[in-house]
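Participant: First the structure, then my questions, so here it is.
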Amino acid sequence: MKKLVSLFMVLVMALTALNVSAFAAADVELSVTVKQYDGYALVNVSRSSGSKVYYTTDGTKPTYESKKYASRIRITEPCTLKLVSYVNGEAVKYLTQKIKVQLKKPTATLKKKGEEYTYYVSGPEGASVYMTLDGSKPSKKNGTRVKGTITIPAKSKAKFVSVKSGWLNSAVFTLRVGAAPSSYPETYADEVIRLVNEQRVANGLDELTTYYKLNAVAQTRAQELTQSYSHTRPNGESCFTALTEAGIYYYSAGENIASGYSTPEAVVKGWMNSPGHRANILSPKFNNIGVGVSADGSYWVQVFTS
């Protein structure tokens, strides 16, 4: 009898352990949330405590040899995301989810202004750009397809969207076109530089010089402000990485940004009335300046270097 009882107890214990193990596997949490940004998506994974998650984005089955999930997954093009959760070295749960990505917004670079404004419009590679001028949200159905150089009447508002099969449409880019220029210099950027040098001379400092590459960096930053109004770039990097990307090397650098000003005079006055911005404008350590203005005239940037 003792042997039979002992055997019976072993069987019961084995069955109990098996049931507990099966219950734990079924109870493992594995889910994802997706947030869309301009040109990429970030995927956050929710998982059970103590589990390890591995994933692939090329459609292959994930294993413990696949990439291990540590923090948010940055996805730059549509894909099939496959995940596996391991507990105590055993694959216990799989998850497959198709991830779409929002296209980058189109860009519009000002080329010439008058009774009509001339812009160069471009979108992400392989995408089409559609525009409306009546205030409605543009789409493939109700927008006019545009590419390259276009003209837009002064004092109008254009809206653009990038469209590509298999992707999410971009966020809408709104372009507010200013009035026809009167007595301003050829560009607002030139006038900002002139006004800044006027302030420096009045304070006993040398004038700042400018050159094409530095103005191009400032223009890039002005367009980035339409996505994220910050000294941090939309990709999360410091604003000064725009300088190194352009091959500009410097000992020191500074940046002033502004929004809500309609003229060079107004924005320079605003900067001069702000201690931190004024300090950059009147800093004796800087000897170069680049100025950029977003295509819709809403955002302004000064980049200083030495």
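Starting from 1 in every chain, residues are counted up; chains themselves are A, B, ... following the order of the structure tokens, and ligands are numbered from 1 as listed.
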Can you check which residues of region 18-215 of chain A DSSP gives as strand (DSSP E or B) on the backbone and send them as a ChimeraX atom specification?

Facilitator: /A:30-37,40-47,52-56,58,67-68,73-75,79-87,90-99,102,107-112,116-122,128-132,144-146,148-153,157-163,168,173-176,209

Participant: What's around Val163 (chain A) at 6 Å? Count only C-alpha atoms, leave out sequence neighbours fewer than 2 positions away in its own chain, and write the answer as a ChimeraX atom specification.

Facilitator: /A:127-128,169

Participant: Do you know which residues are at most 8 Å from region 292-303 of chain A counting only C-alpha atoms, after dropping those on the same chain fewer than 4 positions away, and could you put them as a PyMOL selection string?

Facilitator: chain A and resi 108-110+174-178+188-189+214-223+225-226+253-262+267

Participant: What's the separation between CA of Leu83 (chain A) and CA of Ala171 (chain A), in Å to one decimal place?

Facilitator: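 Separation of CA of Leu83 (chain A) and CA of Ala171 (chain A): 28.8 Å.
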
Participant: For Tyr37 (chain A), work out the shell of residues within 9 Å, counting only C-alpha atoms and skipping chain neighbours fewer than 2 positions away, then give it as a list of chain:residue names.

Facilitator: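 Listed by chain and then number, they are A:Lys35, A:Gly39, A:Tyr40, A:Ala41, A:Leu42, A:Val101, A:Gln102, A:Leu103, A:Lys104, A:Ala171, A:Pro234.
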
Participant: Take the residues that were just selected and, keeping all heavy atoms, output them as an mmCIF file, in the first residue's frame.

Facilitator:
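Written file, result.cif:
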```
data_model
loop_
_atom_site.group_PDB
_atom_site.id
_atom_site.type_symbol
_atom_site.label_atom_id
_atom_site.label_comp_id
_atom_site.auth_asym_id
_atom_site.auth_seq_id
_atom_site.Cartn_x
_atom_site.Cartn_y
_atom_site.Cartn_z
ATOM 1 N N LYS A 35 2.300 54.781 -31.893
ATOM 2 C CA LYS A 35 2.101 56.221 -32.024
ATOM 3 C C LYS A 35 2.782 56.697 -33.301
ATOM 4 O O LYS A 35 3.928 56.336 -33.569
ATOM 5 C CB LYS A 35 2.655 56.971 -30.808
ATOM 6 C CG LYS A 35 1.829 56.775 -29.547
ATOM 7 C CD LYS A 35 2.306 57.703 -28.426
ATOM 8 C CE LYS A 35 1.423 57.571 -27.191
ATOM 9 N NZ LYS A 35 1.855 58.485 -26.102
ATOM 10 N N GLY A 39 6.844 60.800 -40.366
ATOM 11 C CA GLY A 39 7.796 59.955 -41.066
ATOM 12 C C GLY A 39 8.214 58.690 -40.342
ATOM 13 O O GLY A 39 9.012 57.913 -40.871
ATOM 14 N N TYR A 40 7.685 58.437 -39.171
ATOM 15 C CA TYR A 40 8.034 57.202 -38.464
ATOM 16 C C TYR A 40 6.972 56.895 -37.407
ATOM 17 O O TYR A 40 6.151 57.737 -37.057
ATOM 18 C CB TYR A 40 9.411 57.302 -37.804
ATOM 19 C CG TYR A 40 9.535 58.356 -36.725
ATOM 20 C CD1 TYR A 40 9.373 58.035 -35.381
ATOM 21 C CD2 TYR A 40 9.813 59.686 -37.044
ATOM 22 C CE1 TYR A 40 9.488 58.994 -34.386
ATOM 23 C CE2 TYR A 40 9.930 60.656 -36.055
ATOM 24 C CZ TYR A 40 9.770 60.305 -34.734
ATOM 25 O OH TYR A 40 9.870 61.258 -33.749
ATOM 26 N N ALA A 41 6.998 55.656 -36.926
ATOM 27 C CA ALA A 41 6.093 55.224 -35.859
ATOM 28 C C ALA A 41 6.926 54.682 -34.706
ATOM 29 O O ALA A 41 8.002 54.105 -34.919
ATOM 30 C CB ALA A 41 5.132 54.156 -36.362
ATOM 31 N N LEU A 42 6.442 54.868 -33.488
ATOM 32 C CA LEU A 42 7.091 54.303 -32.308
ATOM 33 C C LEU A 42 6.166 53.259 -31.702
ATOM 34 O O LEU A 42 4.993 53.528 -31.449
ATOM 35 C CB LEU A 42 7.404 55.388 -31.282
ATOM 36 C CG LEU A 42 8.515 56.383 -31.646
ATOM 37 C CD1 LEU A 42 8.720 57.394 -30.532
ATOM 38 C CD2 LEU A 42 9.832 55.660 -31.943
ATOM 39 N N VAL A 101 3.002 53.338 -41.348
ATOM 40 C CA VAL A 101 3.790 54.510 -40.960
ATOM 41 C C VAL A 101 3.230 55.734 -41.671
ATOM 42 O O VAL A 101 2.875 55.669 -42.855
ATOM 43 C CB VAL A 101 5.278 54.320 -41.319
ATOM 44 C CG1 VAL A 101 6.076 55.578 -40.984
ATOM 45 C CG2 VAL A 101 5.855 53.111 -40.585
ATOM 46 N N GLN A 102 3.145 56.833 -40.933
ATOM 47 C CA GLN A 102 2.676 58.084 -41.527
ATOM 48 C C GLN A 102 3.795 58.727 -42.336
ATOM 49 O O GLN A 102 4.922 58.855 -41.870
ATOM 50 C CB GLN A 102 2.221 59.037 -40.418
ATOM 51 C CG GLN A 102 1.554 60.301 -40.925
ATOM 52 C CD GLN A 102 1.095 61.182 -39.772
ATOM 53 O OE1 GLN A 102 1.908 61.680 -38.996
ATOM 54 N NE2 GLN A 102 -0.200 61.357 -39.646
ATOM 55 N N LEU A 103 3.474 59.107 -43.558
ATOM 56 C CA LEU A 103 4.460 59.767 -44.412
ATOM 57 C C LEU A 103 4.918 61.088 -43.813
ATOM 58 O O LEU A 103 4.188 61.719 -43.039
ATOM 59 C CB LEU A 103 3.856 60.028 -45.792
ATOM 60 C CG LEU A 103 3.673 58.832 -46.719
ATOM 61 C CD1 LEU A 103 2.729 59.199 -47.854
ATOM 62 C CD2 LEU A 103 5.011 58.373 -47.274
ATOM 63 N N LYS A 104 6.107 61.515 -44.211
ATOM 64 C CA LYS A 104 6.554 62.855 -43.845
ATOM 65 C C LYS A 104 5.706 63.894 -44.563
ATOM 66 O O LYS A 104 5.237 63.673 -45.680
ATOM 67 C CB LYS A 104 8.025 63.059 -44.228
ATOM 68 C CG LYS A 104 9.007 62.390 -43.299
ATOM 69 C CD LYS A 104 10.431 62.820 -43.635
ATOM 70 C CE LYS A 104 11.421 62.251 -42.624
ATOM 71 N NZ LYS A 104 12.798 62.705 -42.896
ATOM 72 N N ALA A 171 0.495 64.118 -42.097
ATOM 73 C CA ALA A 171 -0.259 65.210 -41.489
ATOM 74 C C ALA A 171 -0.345 66.339 -42.519
ATOM 75 O O ALA A 171 0.477 66.430 -43.430
ATOM 76 C CB ALA A 171 0.442 65.689 -40.218
ATOM 77 N N PRO A 234 13.010 67.383 -34.619
ATOM 78 C CA PRO A 234 11.935 66.388 -34.609
ATOM 79 C C PRO A 234 12.411 64.961 -34.392
ATOM 80 O O PRO A 234 11.669 64.123 -33.893
ATOM 81 C CB PRO A 234 11.296 66.548 -35.996
ATOM 82 C CG PRO A 234 11.561 67.967 -36.364
ATOM 83 C CD PRO A 234 12.917 68.279 -35.802
#
```

Participant: If you run DSSP on the backbone, which residues of region 11-215 of chain A are helix (DSSP H, G or I), as a count of residues only?

Facilitator: 35

Participant: Which neighbours of Val34 (chain A) fall inside 10 Å, counting only C-alpha atoms, when residues of the same chain fewer than 2 positions from it are skipped, and could you give them as a PyMOL selection string?

Facilitator: chain A and resi 32+36-37+41-45+72-75+99-101
